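A.B. asks: Data file run.txt (compact mmCIF, C-alpha atoms) is appended below.
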```txt
# COMPACT_ATOMS: atom_id res chain seq x y z
CA MET W 61 72.87 127.39 88.69
CA PRO W 62 75.08 125.44 91.20
CA ASN W 63 73.66 127.31 94.22
CA LEU W 64 70.07 126.96 92.98
CA TYR W 65 70.58 123.23 92.46
CA LYS W 66 72.20 122.67 95.86
CA ASN W 67 69.55 124.75 97.62
CA LEU W 68 66.81 122.82 95.84
CA ILE W 69 68.19 119.50 97.06
CA ILE W 70 67.86 120.77 100.63
CA ARG W 71 64.34 122.07 99.98
CA ILE W 72 63.17 118.78 98.46
CA LYS W 73 64.58 116.80 101.39
CA LYS W 74 62.85 119.21 103.78
CA TYR W 75 59.59 118.75 101.86
CA ILE W 76 59.90 114.95 102.18
CA ALA W 77 60.48 115.26 105.93
CA GLU W 78 57.71 117.81 106.56
CA THR W 79 55.10 115.89 104.54
CA HIS W 80 56.14 112.62 106.23
CA LEU W 81 56.60 110.81 102.93
CA GLN W 82 57.58 107.22 103.65
CA GLU W 83 59.30 104.64 101.46
CA GLY W 84 57.33 104.40 98.21
CA GLY W 85 55.71 107.79 98.73
CA LYS W 86 55.25 109.75 95.48
CA LEU W 87 56.60 113.24 94.91
CA PRO W 88 54.50 115.81 93.01
CA THR W 89 54.94 115.96 89.23
CA GLU W 90 57.85 117.90 87.74
CA SER W 91 55.51 120.71 86.69
CA GLU W 92 54.05 120.92 90.19
CA MET W 93 57.52 120.97 91.77
CA CYS W 94 58.74 123.67 89.38
CA ASP W 95 55.82 125.85 90.50
CA MET W 96 56.18 124.83 94.15
CA PHE W 97 59.89 125.64 94.36
CA ASP W 98 59.90 128.38 91.70
CA VAL W 99 62.73 126.81 89.66
CA SER W 100 63.28 125.83 86.04
CA ARG W 101 62.80 122.27 84.85
CA ASN W 102 66.56 121.95 84.19
CA VAL W 103 67.44 122.89 87.78
CA LEU W 104 64.77 120.55 89.12
CA ARG W 105 66.02 117.62 87.07
CA GLU W 106 69.61 118.14 88.21
CA ALA W 107 68.45 118.11 91.84
CA LEU W 108 66.33 114.99 91.28
CA LYS W 109 69.28 113.20 89.66
CA ALA W 110 71.48 114.08 92.64
CA LEU W 111 68.86 112.78 95.08
CA GLN W 112 68.59 109.60 93.02
CA PHE W 113 72.38 109.18 93.23
CA MET W 114 72.21 109.66 97.00
CA GLY W 115 69.65 106.87 97.21
CA VAL W 116 66.88 109.18 98.42
CA LEU W 117 64.65 108.97 95.34
CA GLU W 118 63.90 106.41 92.68
CA PRO W 119 62.27 107.11 89.29
CA THR W 120 59.34 104.78 88.60
CA PRO W 121 57.93 104.52 85.05
CA GLY W 122 54.38 105.85 84.86
CA VAL W 123 54.53 107.11 88.45
CA GLY W 124 57.36 109.61 88.75
CA TYR W 125 59.87 109.94 91.58
CA VAL W 126 59.19 107.99 94.76
CA VAL W 127 61.00 108.01 98.09
CA ARG W 128 63.44 105.23 98.81
CA SER W 129 64.41 103.89 102.19
CA PHE W 130 67.73 105.63 102.94
CA SER W 131 70.76 103.39 102.73
CA TYR W 132 74.39 104.34 103.23
CA GLU W 133 75.29 101.17 101.36
CA THR W 134 73.41 102.25 98.23
CA MET W 135 75.13 105.63 98.30
CA LEU W 136 78.57 104.04 98.77
CA GLU W 137 77.95 101.49 96.01
CA ASN W 138 77.00 104.32 93.65
CA LEU W 139 80.14 106.21 94.62
CA MET W 140 82.28 103.15 93.94
CA TYR W 141 80.58 102.71 90.58
CA TYR W 142 81.71 106.19 89.54
CA LEU W 143 85.28 105.50 90.72
CA THR W 144 85.79 102.13 89.03
CA ASP W 145 87.63 103.63 86.05
CA ASP W 146 90.69 103.35 88.33
CA SER W 147 89.95 100.22 90.32
CA VAL W 148 93.49 99.87 91.69
CA ALA W 149 93.38 103.36 93.23
CA LEU W 150 89.88 102.63 94.54
CA LEU W 151 91.11 99.48 96.27
CA ARG W 152 94.08 101.25 97.83
CA GLU W 153 91.92 104.10 99.11
CA THR W 154 89.28 101.68 100.43
CA ARG W 155 91.93 99.78 102.37
CA THR W 156 93.33 103.02 103.79
CA VAL W 157 89.90 103.97 105.11
CA ARG W 158 89.31 100.44 106.42
CA ARG W 159 92.65 100.40 108.22
CA ALA W 160 91.87 103.67 110.00
CA LEU W 161 88.36 102.62 111.02
CA GLU W 162 89.00 98.96 111.86
CA THR W 163 92.03 99.65 114.01
CA ASP W 164 90.14 102.43 115.82
CA PHE W 165 87.10 100.23 116.51
CA PHE W 166 89.09 97.05 117.11
CA MET W 167 89.39 96.98 120.90
CA GLU W 168 85.70 97.74 121.34
CA ALA W 169 84.80 95.06 118.79
CA ALA W 170 87.06 92.46 120.39
CA ALA W 171 85.66 93.14 123.86
CA ARG W 172 82.11 92.51 122.60
CA LEU W 173 82.80 89.20 120.88
CA THR W 174 80.83 86.30 122.35
CA GLU W 175 81.80 82.65 122.59
CA ASN W 176 79.56 81.95 119.60
CA ASP W 177 81.30 84.70 117.62
CA ILE W 178 84.67 83.07 118.29
CA LYS W 179 83.25 79.72 117.13
CA LYS W 180 81.97 81.37 113.97
CA LEU W 181 85.41 82.88 113.33
CA ASN W 182 86.85 79.38 113.69
CA THR W 183 84.37 78.08 111.10
CA ILE W 184 85.32 80.91 108.75
CA MET W 185 89.00 80.07 109.21
CA CYS W 186 88.22 76.50 108.13
CA GLU W 187 86.58 77.90 104.99
CA MET W 188 89.61 80.06 104.33
CA ARG W 189 92.02 77.16 104.77
CA ASN W 190 89.87 74.99 102.49
CA SER W 191 90.00 77.66 99.78
CA GLY W 192 93.49 76.44 98.91
CA ASN W 193 94.88 78.74 96.23
CA ASP W 194 91.47 80.08 95.21
CA ILE W 195 91.76 83.80 95.95
CA LYS W 196 88.09 84.46 95.21
CA LYS W 197 86.98 81.96 97.88
CA ALA W 198 89.56 83.38 100.28
CA ILE W 199 88.21 86.91 99.74
CA ASP W 200 84.67 85.64 100.43
CA ALA W 201 85.88 84.17 103.72
CA ASP W 202 87.86 87.34 104.45
CA GLU W 203 84.64 89.36 104.15
CA LYS W 204 82.81 87.04 106.56
CA PHE W 205 85.71 87.22 109.03
CA HIS W 206 85.77 91.02 109.23
CA LYS W 207 81.98 91.36 109.33
CA THR W 208 81.80 88.86 112.20
CA LEU W 209 84.64 90.56 114.05
CA PHE W 210 82.93 93.97 113.92
CA LYS W 211 79.27 92.87 114.06
CA HIS W 212 78.66 94.44 117.48
CA ILE W 213 79.87 97.92 116.53
CA GLU W 214 76.74 100.08 116.49
CA ASN W 215 77.79 102.62 113.89
CA LYS W 216 75.72 102.49 110.70
CA LEU W 217 78.18 104.37 108.52
CA PHE W 218 81.06 102.13 109.57
CA GLN W 219 79.00 98.98 109.00
CA ASN W 220 77.98 100.13 105.52
CA ILE W 221 81.55 101.07 104.59
CA LEU W 222 82.57 97.60 105.74
CA SER W 223 79.79 96.00 103.69
CA THR W 224 80.73 97.82 100.49
CA ALA W 225 84.51 97.46 100.87
CA TRP W 226 84.58 94.08 99.18
CA HIS W 227 83.18 95.57 95.96
CA ALA W 228 86.62 97.16 95.72
CA GLU W 229 88.40 93.96 96.83
CA ARG W 230 86.77 92.10 93.96
CA SER W 231 87.33 94.87 91.42
CA VAL W 232 91.02 94.07 90.86
CA PRO W 233 91.64 90.47 89.72
CA ASP W 234 94.80 88.53 90.59
CA GLY W 235 97.92 90.01 92.21
CA THR W 236 100.65 89.05 94.61
CA VAL W 237 98.44 88.53 97.68
CA THR W 238 97.69 84.82 97.64
CA ALA W 239 94.94 82.88 99.36
CA VAL W 240 97.61 81.18 101.48
CA GLU W 241 98.98 84.53 102.70
CA LEU W 242 95.50 85.82 103.43
CA THR W 243 94.73 82.69 105.46
CA LYS W 244 97.97 82.96 107.44
CA GLN W 245 97.31 86.60 108.33
CA HIS W 246 93.77 85.93 109.54
CA TYR W 247 94.69 82.77 111.44
CA GLY W 248 97.08 84.76 113.63
CA ILE W 249 94.34 87.30 114.39
CA TYR W 250 91.90 84.50 115.17
CA LEU W 251 94.30 82.72 117.56
CA ALA W 252 94.97 85.94 119.49
CA LEU W 253 91.22 86.59 119.82
CA GLU W 254 90.57 82.98 120.85
CA GLN W 255 93.23 83.39 123.56
CA ASN W 256 91.66 86.71 124.61
CA ASP W 257 94.89 88.55 123.78
CA HIS W 258 93.31 91.63 122.26
CA ASN W 259 96.48 93.70 122.18
CA ARG W 260 98.23 91.01 120.16
CA ALA W 261 95.21 90.73 117.84
CA LEU W 262 95.26 94.49 117.26
CA GLU W 263 98.94 94.41 116.34
CA LEU W 264 98.28 91.56 113.92
CA ILE W 265 95.41 93.33 112.17
CA LYS W 266 97.63 96.40 111.79
CA GLN W 267 100.28 94.11 110.30
CA HIS W 268 97.63 92.57 108.02
CA PHE W 269 96.81 95.97 106.52
CA TYR W 270 100.49 96.88 106.32
CA GLU W 271 101.27 93.74 104.33
CA MET W 272 98.36 94.48 102.01
CA ASP W 273 99.72 98.01 101.46
CA VAL W 274 103.37 97.29 100.75
CA LYS W 275 102.64 94.82 97.95
CA PRO W 276 100.89 95.39 94.63
CA VAL W 277 97.13 94.96 95.12
CA TYR W 278 95.09 91.99 93.88
```
Write out the structure in this file as structure tokens.

C.D. replies:
Amino acid sequence: MPNLYKNLIIRIKKYIAETHLQEGGKLPTESEMCDMFDVSRNVLREALKALQFMGVLEPTPGVGYVVRSFSYETMLENLMYYLTDDSVALLRETRTVRRALETDFFMEAAARLTENDIKKLNTIMCEMRNSGNDIKKAIDADEKFHKTLFKHIENKLFQNILSTAWHAERSVPDGTVTAVELTKQHYGIYLALEQNDHNRALELIKQHFYEMDVKPVY
């Protein structure tokens, strides 16, 4: 059963590609696909559920399965949904992945920042400072800061991981990381970028992730 199901996923994706089905395009009925792929209805349904989870297909009442526009973000959001029974572990693992990726892409991202990007970071810092002790507002500003910093990195998977990371950040309420601490950490990064000291900024973002790791999470 497992091999049949995995093989069928590949065959259905190949069928979608070869028939040039676009977003909204309808797959054959279940009966037709069972005959087409010579599989049982149970195997077919398992494969269809997996493709739905991946964000490839979407069941539509009265129509059947239709093709969705592929999105890494949808797939990552679904993955996070299945991991939220341990939201603290999810947050720690998300930050570990972010630290590895953001520090690796940092110098390229910093080199591509424009004058307008620096001004936008300054505006975001004002929002963060104005958040006072409101950690939720600080996290919102934190998200804007990192997305602006890495906006010129042309890697879709990285961008979608970055976009979904704050689902994890918001999944664990409260904690020892305060809005004031978050603001202080980001202000140092901003000043180094504003002064074009990219090496200093990189060290500060590494320190930012280190400080988030050594304390209990939000």

A.B. asks: One number please: atom CA of Gly248 of chain W to atom CA of Lys207 of chain W, in Å, one decimal.

C.D. replies: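 Between atom CA of Gly248 of chain W and atom CA of Lys207 of chain W the gap is 17.0 Å.
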
A.B. asks: Which distance in Å separates atom CA of Ala169 of chain W and atom CA of Phe210 of chain W, to one decimal?

C.D. replies: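 If I compute the distance from atom CA of Ala169 of chain W to atom CA of Phe210 of chain W, I get 5.3 Å.
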
A.B. asks: Just how far from atom CA of Val116 of chain W is atom CA of Arg128 of chain W, in Å to one decimal?

C.D. replies: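 Pair atom CA of Arg128 of chain W / atom CA of Val116 of chain W returns 5.3 Å.
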
A.B. asks: Excluding His246 of chain W and any residue of its chain fewer than 5 positions from it, enumerate the residues within 10 Å of it, using all atoms listed in the file, and give them as a list in words.

C.D. replies: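 Listing them by chain and then by number gives Leu181, Ile184, Met185, Met188, Ala201, Asp202, Phe205, His206, Glu241, Leu251, Ala261, Leu264, Ile265 and His268 of chain W.
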
A.B. asks: Taking 5 positions as the minimum chain separation for residues in the same chain, which residues sit within 10 Å of Thr238 of chain W when counting only C-alpha atoms? Answer as a CSV table (one decimal) with C-alpha atoms, keeping the file's coordinate frame.

C.D. replies:
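Once everything was written out, this is out.csv:
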```csv
chain,number,residue,atom,x,y,z
W,192,GLY,CA,93.5,76.4,98.9
W,193,ASN,CA,94.9,78.7,96.2
W,194,ASP,CA,91.5,80.1,95.2
W,195,ILE,CA,91.8,83.8,96.0
W,196,LYS,CA,88.1,84.5,95.2
W,198,ALA,CA,89.6,83.4,100.3
W,199,ILE,CA,88.2,86.9,99.7
W,243,THR,CA,94.7,82.7,105.5
W,244,LYS,CA,98.0,83.0,107.4
W,278,TYR,CA,95.1,92.0,93.9
```

A.B. asks: From the options W:Ser129, W:Tyr75, W:Ile178, W:Arg158, which residue's atoms come nearest to Met114 of chain W, counting only C-alpha atoms?

C.D. replies: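 Closest to Met114 of chain W, using only C-alpha atoms: W:Ser129.
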
A.B. asks: Need the shell around segment 101-104 of chain W: protein/DNA/RNA residues with any atom at most 8 Å away, counting only C-alpha atoms. Skip same-chain ones fewer than 2 positions apart. Format as a ChimeraX atom specification?

C.D. replies: /W:61,64-65,68,90-91,93-94,99,106-108

A.B. asks: Take the residues that were just selected and, keeping C-alpha atoms, output them as a tab-separated table (two decimals), in the frame of the given file.

C.D. replies:
```
chain	number	residue	atom	x	y	z
W	61	MET	CA	72.87	127.39	88.69
W	64	LEU	CA	70.07	126.96	92.98
W	65	TYR	CA	70.58	123.23	92.46
W	68	LEU	CA	66.81	122.82	95.84
W	90	GLU	CA	57.85	117.90	87.74
W	91	SER	CA	55.51	120.71	86.69
W	93	MET	CA	57.52	120.97	91.77
W	94	CYS	CA	58.74	123.67	89.38
W	99	VAL	CA	62.73	126.81	89.66
W	106	GLU	CA	69.61	118.14	88.21
W	107	ALA	CA	68.45	118.11	91.84
W	108	LEU	CA	66.33	114.99	91.28
```

A.B. asks: May I ask which of the residues W:Asp200, W:Gln267, W:Val127, W:Val148 is the closest one to His80 of chain W, counting all atoms listed in the file?

C.D. replies: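 For His80 of chain W, the nearest of the given residues is W:Val127.
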
A.B. asks: Which residue, W:Glu203, W:Glu229, W:Asp257, W:Glu168, has the smallest gap to Asn215 of chain W when you use only C-alpha atoms?

C.D. replies: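 Checking each of W:Glu203, W:Glu229, W:Asp257, W:Glu168 against Asn215 of chain W, counting only C-alpha atoms, the winner is W:Glu168.
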
A.B. asks: Hey, which of W:Asn256, W:Lys74, W:Thr89, W:Ile69 ends up closest to Glu175 of chain W? Count all atoms listed in the file.

C.D. replies: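 Among the listed residues, W:Asn256 lies closest to Glu175 of chain W.
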
A.B. asks: Of the candidates W:Ser191, W:Thr120, W:Asn259, W:Asn220, which shows the shortest atom-to-atom distance to Ala239 of chain W, using all atoms listed in the file?

C.D. replies: W:Ser191

A.B. asks: With a distance cut-off of 12 Å and all atoms listed in the file, select the neighbouring residues of Leu222 of chain W, excluding the residue or stretch itself and same-chain residues fewer than 4 positions from it, and output the selection as JSON, numbers by chain.

C.D. replies: {"W": [132, 133, 136, 137, 154, 155, 157, 158, 159, 160, 161, 162, 165, 202, 203, 204, 205, 206, 207, 208, 209, 210, 211, 213, 215, 216, 217, 218, 226, 227, 228, 229]}

A.B. asks: Could you save the residues just selected, with C-alpha atoms, as an mmCIF file, in the coordinates of the input?

C.D. replies:
```
data_model
loop_
_atom_site.group_PDB
_atom_site.id
_atom_site.type_symbol
_atom_site.label_atom_id
_atom_site.label_comp_id
_atom_site.auth_asym_id
_atom_site.auth_seq_id
_atom_site.Cartn_x
_atom_site.Cartn_y
_atom_site.Cartn_z
ATOM 1 C CA TYR W 132 74.390 104.340 103.230
ATOM 2 C CA GLU W 133 75.290 101.170 101.360
ATOM 3 C CA LEU W 136 78.570 104.040 98.770
ATOM 4 C CA GLU W 137 77.950 101.490 96.010
ATOM 5 C CA THR W 154 89.280 101.680 100.430
ATOM 6 C CA ARG W 155 91.930 99.780 102.370
ATOM 7 C CA VAL W 157 89.900 103.970 105.110
ATOM 8 C CA ARG W 158 89.310 100.440 106.420
ATOM 9 C CA ARG W 159 92.650 100.400 108.220
ATOM 10 C CA ALA W 160 91.870 103.670 110.000
ATOM 11 C CA LEU W 161 88.360 102.620 111.020
ATOM 12 C CA GLU W 162 89.000 98.960 111.860
ATOM 13 C CA PHE W 165 87.100 100.230 116.510
ATOM 14 C CA ASP W 202 87.860 87.340 104.450
ATOM 15 C CA GLU W 203 84.640 89.360 104.150
ATOM 16 C CA LYS W 204 82.810 87.040 106.560
ATOM 17 C CA PHE W 205 85.710 87.220 109.030
ATOM 18 C CA HIS W 206 85.770 91.020 109.230
ATOM 19 C CA LYS W 207 81.980 91.360 109.330
ATOM 20 C CA THR W 208 81.800 88.860 112.200
ATOM 21 C CA LEU W 209 84.640 90.560 114.050
ATOM 22 C CA PHE W 210 82.930 93.970 113.920
ATOM 23 C CA LYS W 211 79.270 92.870 114.060
ATOM 24 C CA ILE W 213 79.870 97.920 116.530
ATOM 25 C CA ASN W 215 77.790 102.620 113.890
ATOM 26 C CA LYS W 216 75.720 102.490 110.700
ATOM 27 C CA LEU W 217 78.180 104.370 108.520
ATOM 28 C CA PHE W 218 81.060 102.130 109.570
ATOM 29 C CA TRP W 226 84.580 94.080 99.180
ATOM 30 C CA HIS W 227 83.180 95.570 95.960
ATOM 31 C CA ALA W 228 86.620 97.160 95.720
ATOM 32 C CA GLU W 229 88.400 93.960 96.830
#
```

A.B. asks: With distances taken over only C-alpha atoms, which of W:Glu92, W:Glu118, W:Glu153, W:Glu83 is nearest to Ala225 of chain W?

C.D. replies: W:Glu153

A.B. asks: Residues near Leu87 of chain W, anyone? I mean within 8 Å using all atoms listed in the file, not counting same-chain ones fewer than 4 positions away, as a PyMOL selection string.

C.D. replies: chain W and resi 124-127
